[in-house]
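Listing of data-v6.cif; format and content: mmCIF, C-alpha atoms.
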data_my_file
#
loop_
_atom_site.label_atom_id
_atom_site.label_comp_id
_atom_site.auth_asym_id
_atom_site.auth_seq_id
_atom_site.Cartn_x
_atom_site.Cartn_y
_atom_site.Cartn_z
CA MET A 1 124.41 27.26 131.46
CA ASN A 2 121.17 28.30 133.12
CA PHE A 3 119.89 31.88 133.04
CA ASP A 4 121.21 33.04 136.43
CA THR A 5 124.68 31.68 135.64
CA ASN A 6 124.70 33.33 132.22
CA CYS A 7 123.99 36.67 133.88
CA LEU A 8 127.42 36.37 135.48
CA HIS A 9 129.50 34.50 132.93
CA ALA A 10 128.08 34.76 129.40
CA GLY A 11 129.95 36.85 126.86
CA TYR A 12 133.35 36.84 128.51
CA ARG A 13 135.67 34.13 129.80
CA PRO A 14 139.07 35.32 131.04
CA GLY A 15 142.19 33.43 130.07
CA ASN A 16 145.00 32.51 132.38
CA GLY A 17 146.06 35.58 134.35
CA GLU A 18 143.52 37.85 132.64
CA PRO A 19 141.02 40.18 134.40
CA ARG A 20 138.13 38.33 135.98
CA ASN A 21 135.70 41.15 135.18
CA ILE A 22 135.07 42.35 131.63
CA PRO A 23 137.84 44.90 130.98
CA ILE A 24 136.98 48.49 130.11
CA ILE A 25 138.72 49.13 126.78
CA GLN A 26 138.64 52.92 126.96
CA SER A 27 140.27 53.55 123.61
CA THR A 28 138.97 55.10 120.42
CA THR A 29 141.43 53.31 118.16
CA PHE A 30 143.34 50.05 117.74
CA ARG A 31 146.83 49.48 116.31
CA TYR A 32 147.73 47.20 113.41
CA GLU A 33 151.05 46.12 111.93
CA THR A 34 150.11 46.69 108.27
CA SER A 35 147.57 48.55 106.17
CA GLU A 36 146.57 45.20 104.68
CA ASP A 37 145.54 43.92 108.11
CA MET A 38 143.30 46.94 108.67
CA GLY A 39 142.00 46.85 105.13
CA ARG A 40 140.61 43.36 105.64
CA LEU A 41 138.48 44.75 108.49
CA PHE A 42 137.11 47.53 106.28
CA ASP A 43 136.21 44.94 103.63
CA LEU A 44 134.41 42.78 106.25
CA GLU A 45 136.79 39.93 105.46
CA ALA A 46 138.09 39.71 109.05
CA SER A 47 136.70 40.38 112.50
CA GLY A 48 138.35 42.84 114.83
CA TYR A 49 138.40 46.44 115.96
CA PHE A 50 139.67 49.64 114.41
CA TYR A 51 137.42 52.43 115.74
CA THR A 52 135.10 52.44 118.76
CA ARG A 53 132.36 54.30 116.88
CA LEU A 54 131.60 50.96 115.19
CA GLN A 55 132.66 48.34 117.70
CA ASN A 56 134.52 48.00 120.98
CA PRO A 57 135.56 44.84 122.87
CA THR A 58 133.82 45.92 126.09
CA SER A 59 130.55 46.67 124.31
CA ASP A 60 130.72 43.44 122.33
CA ALA A 61 131.28 41.33 125.44
CA VAL A 62 128.25 42.88 127.15
CA ALA A 63 126.17 42.51 123.97
CA ALA A 64 127.15 38.83 123.84
CA ARG A 65 125.96 38.41 127.43
CA LEU A 66 122.57 39.93 126.64
CA CYS A 67 122.38 37.83 123.49
CA ALA A 68 122.78 34.70 125.59
CA LEU A 69 120.14 35.86 128.07
CA GLU A 70 117.60 36.49 125.28
CA GLY A 71 118.54 33.31 123.41
CA GLY A 72 119.57 35.14 120.22
CA THR A 73 122.30 34.70 117.63
CA ALA A 74 123.77 38.23 117.50
CA ALA A 75 123.43 41.50 119.41
CA MET A 76 124.74 45.05 119.57
CA LEU A 77 124.79 47.84 122.12
CA LEU A 78 123.83 51.41 121.32
CA SER A 79 123.95 54.78 123.04
CA SER A 80 120.26 54.75 124.05
CA GLY A 81 117.01 52.81 123.84
CA GLN A 82 115.74 55.40 121.35
CA ALA A 83 118.72 54.66 119.10
CA ALA A 84 118.01 50.94 119.43
CA ASN A 85 114.40 51.27 118.28
CA PHE A 86 115.40 53.59 115.45
CA PHE A 87 118.13 51.24 114.21
CA ALA A 88 115.91 48.17 114.59
CA VAL A 89 113.33 49.62 112.18
CA PHE A 90 115.55 51.69 109.88
CA ASN A 91 117.81 48.68 109.29
CA ILE A 92 115.05 47.12 107.17
CA ALA A 93 112.82 50.06 106.20
CA SER A 94 113.37 53.20 104.16
CA ALA A 95 111.42 55.95 102.41
CA GLY A 96 108.24 54.55 100.89
CA ASP A 97 107.96 51.65 103.34
CA HIS A 98 105.36 50.96 106.00
CA ILE A 99 105.44 49.68 109.61
CA VAL A 100 102.61 48.45 111.83
CA ALA A 101 103.03 49.22 115.53
CA SER A 102 101.07 48.80 118.72
CA SER A 103 99.57 52.10 119.88
CA ALA A 104 100.43 51.25 123.50
CA ILE A 105 104.12 52.14 123.47
CA TYR A 106 106.45 54.59 125.20
CA GLY A 107 105.69 58.19 124.24
CA GLY A 108 109.22 58.81 122.98
CA THR A 109 109.00 55.80 120.68
CA TYR A 110 105.60 56.95 119.41
CA ASN A 111 107.05 60.37 118.59
CA LEU A 112 110.07 58.76 116.90
CA PHE A 113 107.76 56.74 114.67
CA ALA A 114 104.83 59.09 114.10
CA VAL A 115 106.83 62.30 113.62
CA THR A 116 110.56 61.89 113.01
CA MET A 117 110.60 58.71 110.93
CA LYS A 118 107.48 59.86 109.08
CA ARG A 119 109.54 62.86 107.92
CA MET A 120 111.99 60.29 106.53
CA GLY A 121 109.22 58.84 104.36
CA ILE A 122 108.31 55.81 106.47
CA GLU A 123 104.60 55.49 107.24
CA PHE A 124 103.28 53.95 110.46
CA THR A 125 99.89 52.45 111.23
CA PHE A 126 99.14 52.17 114.96
CA VAL A 127 96.83 49.40 116.14
CA ASP A 128 95.18 48.67 119.47
CA PRO A 129 97.24 45.87 121.08
CA ASP A 130 93.96 44.23 122.06
CA CYS A 131 92.62 44.24 118.49
CA SER A 132 91.30 41.06 116.91
CA GLU A 133 93.43 38.99 114.54
CA GLU A 134 91.28 40.26 111.67
CA GLU A 135 91.86 43.89 112.64
CA LEU A 136 95.59 43.29 113.04
CA ASN A 137 95.92 41.61 109.65
CA ALA A 138 93.95 44.42 108.00
CA ALA A 139 96.63 46.93 109.08
CA PHE A 140 99.29 45.33 106.87
CA GLN A 141 100.17 46.57 103.40
CA PRO A 142 102.31 45.02 100.65
CA ASN A 143 105.19 47.32 101.68
CA THR A 144 104.92 46.60 105.43
CA LYS A 145 108.44 45.79 106.62
CA ALA A 146 107.87 45.01 110.33
CA LEU A 147 105.43 44.80 113.23
CA PHE A 148 106.45 46.49 116.49
CA GLY A 149 105.22 46.22 120.09
CA GLU A 150 106.34 46.30 123.74
CA THR A 151 106.21 43.21 125.96
CA ILE A 152 104.87 45.39 128.81
CA ALA A 153 103.86 48.80 127.53
CA ASN A 154 105.26 51.93 129.18
CA PRO A 155 103.25 53.24 131.07
CA ALA A 156 99.93 51.59 130.13
CA LEU A 157 101.26 48.19 131.31
CA THR A 158 99.49 46.47 128.43
CA VAL A 159 100.80 42.91 128.05
CA LEU A 160 101.43 42.14 124.40
CA ASP A 161 100.01 38.90 123.00
CA ILE A 162 103.32 38.02 121.38
CA GLU A 163 102.09 34.86 119.68
CA LYS A 164 99.17 36.71 118.07
CA PHE A 165 101.43 39.49 116.84
CA ALA A 166 104.09 37.05 115.60
CA LYS A 167 101.50 35.03 113.69
CA ALA A 168 100.23 38.15 111.92
CA ALA A 169 103.71 39.44 111.12
CA HIS A 170 104.87 36.13 109.66
CA ALA A 171 101.66 35.72 107.64
CA HIS A 172 102.63 38.93 105.86
CA GLY A 173 106.31 38.09 105.46
CA ALA A 174 107.53 40.54 108.09
CA PRO A 175 109.48 40.21 111.35
CA LEU A 176 108.07 41.00 114.79
CA ILE A 177 110.19 43.50 116.74
CA VAL A 178 109.51 43.53 120.49
CA ASP A 179 110.81 46.10 122.97
CA ASN A 180 111.50 43.94 126.03
CA THR A 181 112.70 46.74 128.33
CA PHE A 182 110.14 46.37 131.13
CA ALA A 183 110.09 42.58 131.21
CA THR A 184 113.80 41.91 130.61
CA PRO A 185 114.78 38.34 129.70
CA ALA A 186 114.52 37.51 133.40
CA LEU A 187 110.71 37.64 133.10
CA CYS A 188 110.05 37.03 129.39
CA ARG A 189 112.08 35.84 126.41
CA PRO A 190 110.04 36.95 123.38
CA PHE A 191 111.93 34.70 120.96
CA GLN A 192 110.33 31.69 122.64
CA TRP A 193 106.92 33.05 121.57
CA GLY A 194 107.76 33.87 117.96
CA ALA A 195 109.34 37.33 118.09
CA ASP A 196 112.24 37.85 115.68
CA ILE A 197 114.08 40.90 117.02
CA VAL A 198 114.24 42.30 120.56
CA THR A 199 115.21 45.80 121.62
CA HIS A 200 116.04 47.23 125.05
CA SER A 201 116.61 50.49 126.78
CA THR A 202 119.48 49.13 128.86
CA THR A 203 119.16 52.33 130.91
CA LYS A 204 116.36 50.64 132.82
CA TYR A 205 116.40 47.25 134.59
CA LEU A 206 119.44 45.85 132.76
CA ASP A 207 121.66 48.57 134.22
CA GLY A 208 119.40 48.79 137.26
CA HIS A 209 121.00 51.78 138.98
CA ALA A 210 120.19 54.78 136.75
CA ALA A 211 123.91 55.11 136.10
CA ALA A 212 124.26 54.68 132.33
CA VAL A 213 122.07 55.50 129.34
CA GLY A 214 122.14 52.78 126.69
CA GLY A 215 120.25 50.55 124.31
CA ALA A 216 120.52 47.15 122.66
CA ILE A 217 119.22 45.08 119.75
CA VAL A 218 119.20 41.28 119.76
CA ASP A 219 118.43 39.16 116.68
CA SER A 220 116.90 35.70 117.04
CA GLY A 221 118.36 34.56 113.73
CA ASN A 222 115.01 32.94 112.97
CA PHE A 223 113.54 35.25 110.34
CA ASP A 224 114.32 34.06 106.82
CA TRP A 225 115.26 37.23 104.95
CA ASN A 226 116.08 35.16 101.85
CA ALA A 227 112.51 33.87 101.68
CA HIS A 228 111.47 37.50 101.12
CA LYS A 229 114.46 38.59 99.08
CA ASP A 230 112.69 41.29 97.10
CA LYS A 231 111.25 42.81 100.29
CA TYR A 232 114.60 43.16 102.10
CA PRO A 233 117.17 44.01 99.43
CA GLY A 234 119.44 45.68 101.96
CA LEU A 235 120.16 42.28 103.45
CA THR A 236 119.85 40.02 100.41
CA THR A 237 121.51 41.98 97.58
CA PRO A 238 125.06 43.37 97.25
CA ASP A 239 126.03 46.44 99.29
CA ASP A 240 128.09 48.75 97.07
CA SER A 241 129.54 50.53 100.11
CA TYR A 242 131.35 47.28 101.04
CA HIS A 243 132.50 46.08 97.61
CA GLY A 244 129.33 44.15 96.91
CA VAL A 245 129.03 42.04 100.05
CA THR A 246 125.62 40.38 100.49
CA TYR A 247 124.94 40.13 104.22
CA THR A 248 122.80 36.99 104.25
CA GLU A 249 125.38 35.18 102.12
CA ARG A 250 128.46 36.29 104.06
CA PHE A 251 127.07 36.22 107.60
CA GLY A 252 124.08 33.86 107.41
CA LEU A 253 120.62 34.39 108.85
CA GLY A 254 122.07 34.47 112.35
CA GLY A 255 124.42 37.38 111.71
CA ALA A 256 123.22 39.35 108.69
CA TYR A 257 120.80 41.72 110.43
CA ILE A 258 123.11 42.83 113.26
CA THR A 259 126.16 43.02 111.02
CA LYS A 260 124.33 45.36 108.63
CA ALA A 261 123.13 47.51 111.54
CA VAL A 262 126.71 47.85 112.81
CA VAL A 263 128.64 48.37 109.59
CA GLN A 264 126.03 50.62 107.93
CA LEU A 265 123.95 52.41 110.55
CA MET A 266 126.50 52.65 113.35
CA ARG A 267 129.08 53.71 110.80
CA ASP A 268 126.84 56.52 109.52
CA PHE A 269 124.89 57.61 112.61
CA GLY A 270 127.51 56.94 115.28
CA SER A 271 125.10 56.03 118.10
CA SER A 272 127.78 54.09 119.91
CA PRO A 273 127.87 53.58 123.68
CA ALA A 274 130.82 54.68 125.78
CA PRO A 275 132.83 51.63 126.92
CA MET A 276 132.33 52.69 130.55
CA ASN A 277 128.56 52.75 130.07
CA ALA A 278 128.64 49.33 128.43
CA TRP A 279 130.65 48.01 131.38
CA LEU A 280 128.10 49.40 133.86
CA VAL A 281 125.31 47.59 132.02
CA GLY A 282 127.32 44.38 132.14
CA MET A 283 127.78 44.74 135.88
CA GLY A 284 124.08 45.45 136.29
CA MET A 285 123.13 42.28 134.47
CA GLU A 286 125.06 40.22 137.01
CA THR A 287 122.35 40.87 139.62
CA LEU A 288 119.39 41.06 137.23
CA PRO A 289 117.53 37.93 138.46
CA LEU A 290 117.88 38.95 142.10
CA ARG A 291 116.69 42.50 141.48
CA MET A 292 113.80 41.53 139.24
CA ALA A 293 112.47 39.09 141.84
CA ARG A 294 112.51 41.88 144.45
CA HIS A 295 111.02 44.47 142.06
CA CYS A 296 108.14 42.11 141.23
CA ALA A 297 107.46 41.13 144.84
CA ASN A 298 107.46 44.77 145.96
CA ALA A 299 105.27 45.87 143.06
CA GLN A 300 102.76 43.14 143.83
CA GLY A 301 102.57 44.35 147.44
CA VAL A 302 102.21 47.97 146.39
CA ALA A 303 99.51 47.14 143.83
CA GLU A 304 97.51 45.17 146.38
CA PHE A 305 97.75 48.06 148.86
CA LEU A 306 96.65 50.64 146.30
CA GLN A 307 93.79 48.48 145.08
CA LYS A 308 92.23 48.61 148.55
CA HIS A 309 92.81 52.32 149.22
CA GLU A 310 89.71 54.53 149.23
CA LYS A 311 91.48 57.44 147.52
CA VAL A 312 92.71 55.37 144.60
CA ALA A 313 90.35 55.30 141.61
CA TRP A 314 91.92 52.38 139.76
CA VAL A 315 95.07 50.24 139.63
CA ARG A 316 96.69 48.61 136.62
CA TYR A 317 99.11 45.78 137.31
CA ALA A 318 98.94 42.48 135.45
CA GLY A 319 99.84 40.52 138.59
CA LEU A 320 96.49 41.40 140.17
CA PRO A 321 93.74 38.79 139.68
CA GLY A 322 91.00 40.51 137.73
CA ASP A 323 93.38 42.80 135.85
CA LYS A 324 92.61 43.00 132.15
CA TYR A 325 95.96 41.42 131.31
CA TYR A 326 96.16 38.92 134.15
CA GLU A 327 95.65 35.87 131.91
CA LEU A 328 98.21 37.02 129.35
CA ALA A 329 100.65 37.69 132.18
CA GLN A 330 100.19 34.17 133.49
CA LYS A 331 101.20 32.94 130.02
CA TYR A 332 104.05 35.28 129.14
CA LEU A 333 105.19 36.55 132.56
CA PRO A 334 104.75 33.69 135.05
CA SER A 335 107.71 34.87 137.17
CA GLY A 336 106.42 38.41 137.65
CA CYS A 337 105.10 41.49 135.88
CA CYS A 338 108.02 43.93 136.45
CA GLY A 339 108.20 46.64 139.11
CA VAL A 340 106.00 49.30 137.54
CA VAL A 341 102.46 49.98 138.80
CA SER A 342 100.12 52.48 137.14
CA PHE A 343 97.14 53.93 138.99
CA GLY A 344 94.82 56.90 139.22
CA VAL A 345 94.12 59.07 142.26
CA LYS A 346 90.52 60.13 142.84
CA GLY A 347 90.24 63.78 141.92
CA GLY A 348 92.06 63.55 138.60
CA ARG A 349 95.23 65.29 137.50
CA ALA A 350 95.25 67.88 140.30
CA ALA A 351 94.90 65.19 142.95
CA ALA A 352 97.64 63.14 141.29
CA GLU A 353 100.00 66.10 141.42
CA ARG A 354 99.23 66.76 145.12
CA PHE A 355 99.84 63.10 145.88
CA MET A 356 103.19 63.08 144.11
CA ALA A 357 104.31 66.25 145.87
CA GLY A 358 103.62 64.57 149.21
CA LEU A 359 105.89 61.58 148.63
CA LYS A 360 109.05 61.55 150.74
CA LEU A 361 110.82 58.32 149.76
CA ALA A 362 109.84 58.07 146.10
CA SER A 363 111.47 60.62 143.78
CA ILE A 364 109.66 62.51 141.04
CA ALA A 365 111.93 61.67 138.11
CA THR A 366 111.83 61.17 134.36
CA HIS A 367 113.03 57.65 134.83
CA VAL A 368 111.71 54.23 135.53
CA ALA A 369 112.92 50.74 136.38
CA ASP A 370 115.92 51.18 138.64
CA ALA A 371 116.78 50.21 142.21
CA LYS A 372 115.29 53.35 143.78
CA THR A 373 111.56 54.05 143.68
CA CYS A 374 110.49 56.91 141.43
CA VAL A 375 107.19 58.33 140.24
CA LEU A 376 106.01 60.27 137.19
CA HIS A 377 102.89 61.82 135.70
CA PRO A 378 103.32 60.72 132.03
CA ALA A 379 100.67 63.04 130.54
CA SER A 380 102.75 65.97 131.81
CA ALA A 381 106.16 64.50 130.96
CA THR A 382 107.08 61.53 128.76
CA HIS A 383 103.81 61.65 126.80
CA ARG A 384 103.39 65.43 126.85
CA GLN A 385 103.65 65.76 123.05
CA MET A 386 100.63 63.50 122.46
CA ASN A 387 97.11 64.86 122.07
CA ASP A 388 94.13 63.49 124.00
CA GLN A 389 93.25 60.99 121.28
CA GLU A 390 96.82 59.72 121.06
CA LEU A 391 97.04 59.51 124.86
CA ALA A 392 93.86 57.43 124.96
CA ALA A 393 95.20 55.08 122.27
CA ALA A 394 98.39 54.65 124.27
CA GLY A 395 96.40 53.83 127.41
CA VAL A 396 97.52 57.00 129.21
CA SER A 397 94.69 58.76 131.02
CA PRO A 398 95.17 62.31 132.41
CA ASP A 399 95.17 60.99 135.98
CA LEU A 400 97.64 58.14 135.39
CA VAL A 401 100.51 57.96 137.86
CA ARG A 402 103.44 55.71 136.92
CA PHE A 403 104.97 54.32 140.10
CA SER A 404 108.27 52.52 139.54
CA VAL A 405 108.73 50.32 142.59
CA GLY A 406 112.34 49.93 143.69
CA ILE A 407 114.03 47.34 145.87
CA GLU A 408 113.61 49.17 149.18
CA ASP A 409 111.70 47.49 152.03
CA VAL A 410 108.12 47.23 150.78
CA ASN A 411 106.76 48.34 154.17
CA ASP A 412 108.61 51.64 153.85
CA LEU A 413 107.21 52.14 150.34
CA ILE A 414 103.65 51.46 151.48
CA ALA A 415 104.06 53.83 154.43
CA ASP A 416 105.23 56.56 152.05
CA LEU A 417 102.26 55.97 149.76
CA GLU A 418 99.87 56.03 152.69
CA GLN A 419 101.06 59.34 154.11
CA ALA A 420 101.06 60.96 150.65
CA LEU A 421 97.51 59.78 149.95
CA GLU A 422 96.37 61.23 153.24
CA GLN A 423 97.31 64.68 151.91
CA VAL A 424 94.99 64.37 148.89
#

Will you turn the file into structure tokens for me?
Amino acid sequence: MNFDTNCLHAGYRPGNGEPRNIPIIQSTTFRYETSEDMGRLFDLEASGYFYTRLQNPTSDAVAARLCALEGGTAAMLLSSGQAANFFAVFNIASAGDHIVASSAIYGGTYNLFAVTMKRMGIEFTFVDPDCSEEELNAAFQPNTKALFGETIANPALTVLDIEKFAKAAHAHGAPLIVDNTFATPALCRPFQWGADIVTHSTTKYLDGHAAAVGGAIVDSGNFDWNAHKDKYPGLTTPDDSYHGVTYTERFGLGGAYITKAVVQLMRDFGSSPAPMNAWLVGMGMETLPLRMARHCANAQGVAEFLQKHEKVAWVRYAGLPGDKYYELAQKYLPSGCCGVVSFGVKGGRAAAERFMAGLKLASIATHVADAKTCVLHPASATHRQMNDQELAAAGVSPDLVRFSVGIEDVNDLIADLEQALEQV
């Protein structure tokens, strides 16, 4: 089936007389006739459900839908995008290992990597996403377990050169992990360009209505863990906590990575989504192509308006001819560059704050990428923990305003921007 059809039908097909929509299985536990039946689940010898902390039919159906949209082989839902990025890395890295990551990433992810996971003994090297191939390759070490980047960086709106990053990762025997939250598979499918694992904050465009916090990981099934057996023993050698199962042998390259993340990390960390939240994400995905087309069209109109306004110092949106990432966007994002526009107001941070206070339609909110327009000053909020040097590396200037364009009438949005700018 084509993409738009998969948004509605992938992951769940009702039988005769069964619910047409994915059912909400709001139950913590599942009944079995014998202890032997349940025991086979605990030994990973059978598929099924016994406790929603690990797996739930509603969550799995929605994960299967997203897996189809991204073109992967296996997927899982989590309680948040932060949990997804943590699991994606920690599933293959541990104390003493090293990760290379783009410096232009969401502030919360940067803090997760540079502070929290560093305390766990995992070292990170951050590279400029626009670095040369030579500079990128120089960042790798023998113990580098993955390369990480965002398709469209939040809020710098850097467009990742996925092919360049994939080439470097594979040259060093490591997978490329790409956070595809801002693009969604409606605009970009990173696996087609060489990425190996995709993560999402489903809280954003996939849900689309700011109704449910969630995350997801999708595996392409393309990375050959067995070719680097000594580097990824967690996947290629027996797991004593499951009677010696070897994930690549039992579940193949298409299922090993996600299975390990579920039965080990979800078992131990419990970052499981509520079935109701999973269901809301599934419903949101049904209208994803329609919403993304409107988000992109509105954002293009807003960016063009801002670019011409005398009180706007600069505008960053890859859909604008002349933008630094315009050519990369034409390659990786030909259908649109998402609904987020970043810009600076003349007069710096104080002017930006006056402008935001004057908005009537757009809400000041620590959120992005949903149906209603919202605005944020990242240096004061999502990236507040970063120092000036770290902010600069992430592409976040003190005057940067992140404007998440919703699906309202674009003329109303422009009118709101115009009257707010008049107050600066």

Evaluated on this file, the PyMOL selection byres ((chain A and resi 353) around 12) picks out some residues - which ones are they, written as a short mmCIF file (atom, residue, chain, number, x, y, z; two decimals) with C-alpha atoms, keeping the file's coordinate frame?
data_model
loop_
_atom_site.label_atom_id
_atom_site.label_comp_id
_atom_site.auth_asym_id
_atom_site.auth_seq_id
_atom_site.Cartn_x
_atom_site.Cartn_y
_atom_site.Cartn_z
CA GLY A 344 94.82 56.90 139.22
CA VAL A 345 94.12 59.07 142.26
CA LYS A 346 90.52 60.13 142.84
CA GLY A 347 90.24 63.78 141.92
CA GLY A 348 92.06 63.55 138.60
CA ARG A 349 95.23 65.29 137.50
CA ALA A 350 95.25 67.88 140.30
CA ALA A 351 94.90 65.19 142.95
CA ALA A 352 97.64 63.14 141.29
CA ARG A 354 99.23 66.76 145.12
CA PHE A 355 99.84 63.10 145.88
CA MET A 356 103.19 63.08 144.11
CA ALA A 357 104.31 66.25 145.87
CA GLY A 358 103.62 64.57 149.21
CA LEU A 359 105.89 61.58 148.63
CA ILE A 364 109.66 62.51 141.04
CA VAL A 375 107.19 58.33 140.24
CA LEU A 376 106.01 60.27 137.19
CA HIS A 377 102.89 61.82 135.70
CA PRO A 378 103.32 60.72 132.03
CA ALA A 379 100.67 63.04 130.54
CA SER A 380 102.75 65.97 131.81
CA PRO A 398 95.17 62.31 132.41
CA ASP A 399 95.17 60.99 135.98
CA LEU A 400 97.64 58.14 135.39
CA VAL A 401 100.51 57.96 137.86
CA ARG A 402 103.44 55.71 136.92
CA ALA A 420 101.06 60.96 150.65
CA LEU A 421 97.51 59.78 149.95
CA GLN A 423 97.31 64.68 151.91
CA VAL A 424 94.99 64.37 148.89
#

Worksheet item: Could you tell me, as a PyMOL selection string, which residues have any atom at most 12 Å from (109.2, 45.2, 111.5), counting all atoms listed in the file?
Response: chain A and resi 85-94+97-102+122+124-125+140+143-149+165-166+168-170+172-179+195-199+223+225+231-232

Suppose we keep C-alpha atoms; can you now write the selection as a compact mmCIF listing (two decimals), in the frame of the given file?
# COMPACT_ATOMS: atom_id res chain seq x y z
CA ASN A 85 114.40 51.27 118.28
CA PHE A 86 115.40 53.59 115.45
CA PHE A 87 118.13 51.24 114.21
CA ALA A 88 115.91 48.17 114.59
CA VAL A 89 113.33 49.62 112.18
CA PHE A 90 115.55 51.69 109.88
CA ASN A 91 117.81 48.68 109.29
CA ILE A 92 115.05 47.12 107.17
CA ALA A 93 112.82 50.06 106.20
CA SER A 94 113.37 53.20 104.16
CA ASP A 97 107.96 51.65 103.34
CA HIS A 98 105.36 50.96 106.00
CA ILE A 99 105.44 49.68 109.61
CA VAL A 100 102.61 48.45 111.83
CA ALA A 101 103.03 49.22 115.53
CA SER A 102 101.07 48.80 118.72
CA ILE A 122 108.31 55.81 106.47
CA PHE A 124 103.28 53.95 110.46
CA THR A 125 99.89 52.45 111.23
CA PHE A 140 99.29 45.33 106.87
CA ASN A 143 105.19 47.32 101.68
CA THR A 144 104.92 46.60 105.43
CA LYS A 145 108.44 45.79 106.62
CA ALA A 146 107.87 45.01 110.33
CA LEU A 147 105.43 44.80 113.23
CA PHE A 148 106.45 46.49 116.49
CA GLY A 149 105.22 46.22 120.09
CA PHE A 165 101.43 39.49 116.84
CA ALA A 166 104.09 37.05 115.60
CA ALA A 168 100.23 38.15 111.92
CA ALA A 169 103.71 39.44 111.12
CA HIS A 170 104.87 36.13 109.66
CA HIS A 172 102.63 38.93 105.86
CA GLY A 173 106.31 38.09 105.46
CA ALA A 174 107.53 40.54 108.09
CA PRO A 175 109.48 40.21 111.35
CA LEU A 176 108.07 41.00 114.79
CA ILE A 177 110.19 43.50 116.74
CA VAL A 178 109.51 43.53 120.49
CA ASP A 179 110.81 46.10 122.97
CA ALA A 195 109.34 37.33 118.09
CA ASP A 196 112.24 37.85 115.68
CA ILE A 197 114.08 40.90 117.02
CA VAL A 198 114.24 42.30 120.56
CA THR A 199 115.21 45.80 121.62
CA PHE A 223 113.54 35.25 110.34
CA TRP A 225 115.26 37.23 104.95
CA LYS A 231 111.25 42.81 100.29
CA TYR A 232 114.60 43.16 102.10

Fill in: Point-to-point distance from atom CA of A:Gln389 to atom CA of A:Trp314, Å rounded to tenths
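These atoms are spaced 20.4 Å apart.
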
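The space separating atom CA of A:Leu187 from atom CA of A:Ala299 comes to 14.0 Å.
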
Worksheet entry | Selection: 9 Å around A:Gly71, all atoms listed in the file, excl. self and same-chain fewer than 4 positions, as a list of chain:residue names |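 Once the adjacent positions are removed, what remains is A:Leu66, A:Cys67, A:Pro185, A:Arg189, A:Phe191, A:Gln192, A:Val218, A:Asp219, A:Ser220.
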
Write out, as a tab-separated table (two decimals), in the coordinates of the input, the residues just selected, with C-alpha atoms.
chain	number	residue	atom	x	y	z
A	66	LEU	CA	122.57	39.93	126.64
A	67	CYS	CA	122.38	37.83	123.49
A	185	PRO	CA	114.78	38.34	129.70
A	189	ARG	CA	112.08	35.84	126.41
A	191	PHE	CA	111.93	34.70	120.96
A	192	GLN	CA	110.33	31.69	122.64
A	218	VAL	CA	119.20	41.28	119.76
A	219	ASP	CA	118.43	39.16	116.68
A	220	SER	CA	116.90	35.70	117.04

Fill in: Test item: the PyMOL selection byres ((chain A and resi 235-238) around 9) resolved as a PyMOL selection string
chain A and resi 91-92+225-226+228-230+232-234+239-249+256-257+260

Worksheet item: Skipping near chain neighbours, those fewer than 6 positions away, what residues fall within 10 Å of A:Ile414 using only C-alpha atoms, listed as number ranges by chain?
Response: A: 298, 301-303, 305-306, 420

Worksheet item: By how many Å are atom CA of A:Phe3 and atom CA of A:Phe182 apart?
Response: 17.6 Å

Discussion item. I need every residue sitting at most 10 Å from the point (129.9, 48.9, 109.3) (coordinates as in the file, only C-alpha atoms considered), written as a list in words.
Written reply: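 Every polymer residue passing the test: Leu41, Phe42, Asp43, Leu44, Arg53, Leu54, Gln55, Ser241, Tyr242, Ile258, Thr259, Lys260, Ala261, Val262, Val263, Gln264, Leu265, Met266, Arg267 and Asp268 of chain A.
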
Worksheet entry | Nearest candidate to A:Thr28 (options A:Gln307, A:Phe113, A:Val396, A:Asn56; using all atoms listed in the file) |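 Residue with the minimum atom-to-atom distance to A:Thr28: A:Asn56.
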
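Here, the PyMOL selection byres ((chain A and resi 393) around 9) matches Ser103, Ala104, Phe126, Val127, Asp128, Asp388, Gln389, Glu390, Leu391, Ala392, Ala394, Gly395 and Val396 of chain A.
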
Fill in: A:Ala318 environment, 10 Å, all atoms listed in the file, sequence neighbours closer than 2 positions dropped, as a ChimeraX atom specification
/A:152,157-159,300,303,315-316,320-330,333,336-338,341

Hey, could you pull the box centre and edge lengths for stretch 66-78 of chain A, axis-aligned, 4 Å padding per side, all listed atoms, to one decimal in Å, as AutoDock Vina command-line options?
--center_x 121.2 --center_y 42.4 --center_z 122.8 --size_x 15.2 --size_y 26.1 --size_z 18.6

Worksheet, complete the sentence: The residue from A:Glu310, A:Asp130, A:Asp370, A:Asp37 with the smallest atom-to-atom distance to A:Thr202, counting only C-alpha atoms, is A:Asp370

Compile the contact shell of stretch 281-293 of chain A as a short mmCIF file (atom, residue, chain, number, x, y, z; two decimals) with C-alpha atoms, keeping the file's coordinate frame: residues with an atom at most 7 Å away, counting all atoms listed in the file, same-chain residues fewer than 2 positions apart removed.
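Okay, this is what ended up in part.cif:
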data_model
loop_
_atom_site.label_atom_id
_atom_site.label_comp_id
_atom_site.auth_asym_id
_atom_site.auth_seq_id
_atom_site.Cartn_x
_atom_site.Cartn_y
_atom_site.Cartn_z
CA ASP A 4 121.21 33.04 136.43
CA CYS A 7 123.99 36.67 133.88
CA LEU A 8 127.42 36.37 135.48
CA VAL A 62 128.25 42.88 127.15
CA ALA A 186 114.52 37.51 133.40
CA THR A 202 119.48 49.13 128.86
CA LEU A 206 119.44 45.85 132.76
CA ASP A 207 121.66 48.57 134.22
CA GLY A 208 119.40 48.79 137.26
CA ASN A 277 128.56 52.75 130.07
CA ALA A 278 128.64 49.33 128.43
CA TRP A 279 130.65 48.01 131.38
CA HIS A 295 111.02 44.47 142.06
CA CYS A 296 108.14 42.11 141.23
CA ALA A 297 107.46 41.13 144.84
CA CYS A 338 108.02 43.93 136.45
#
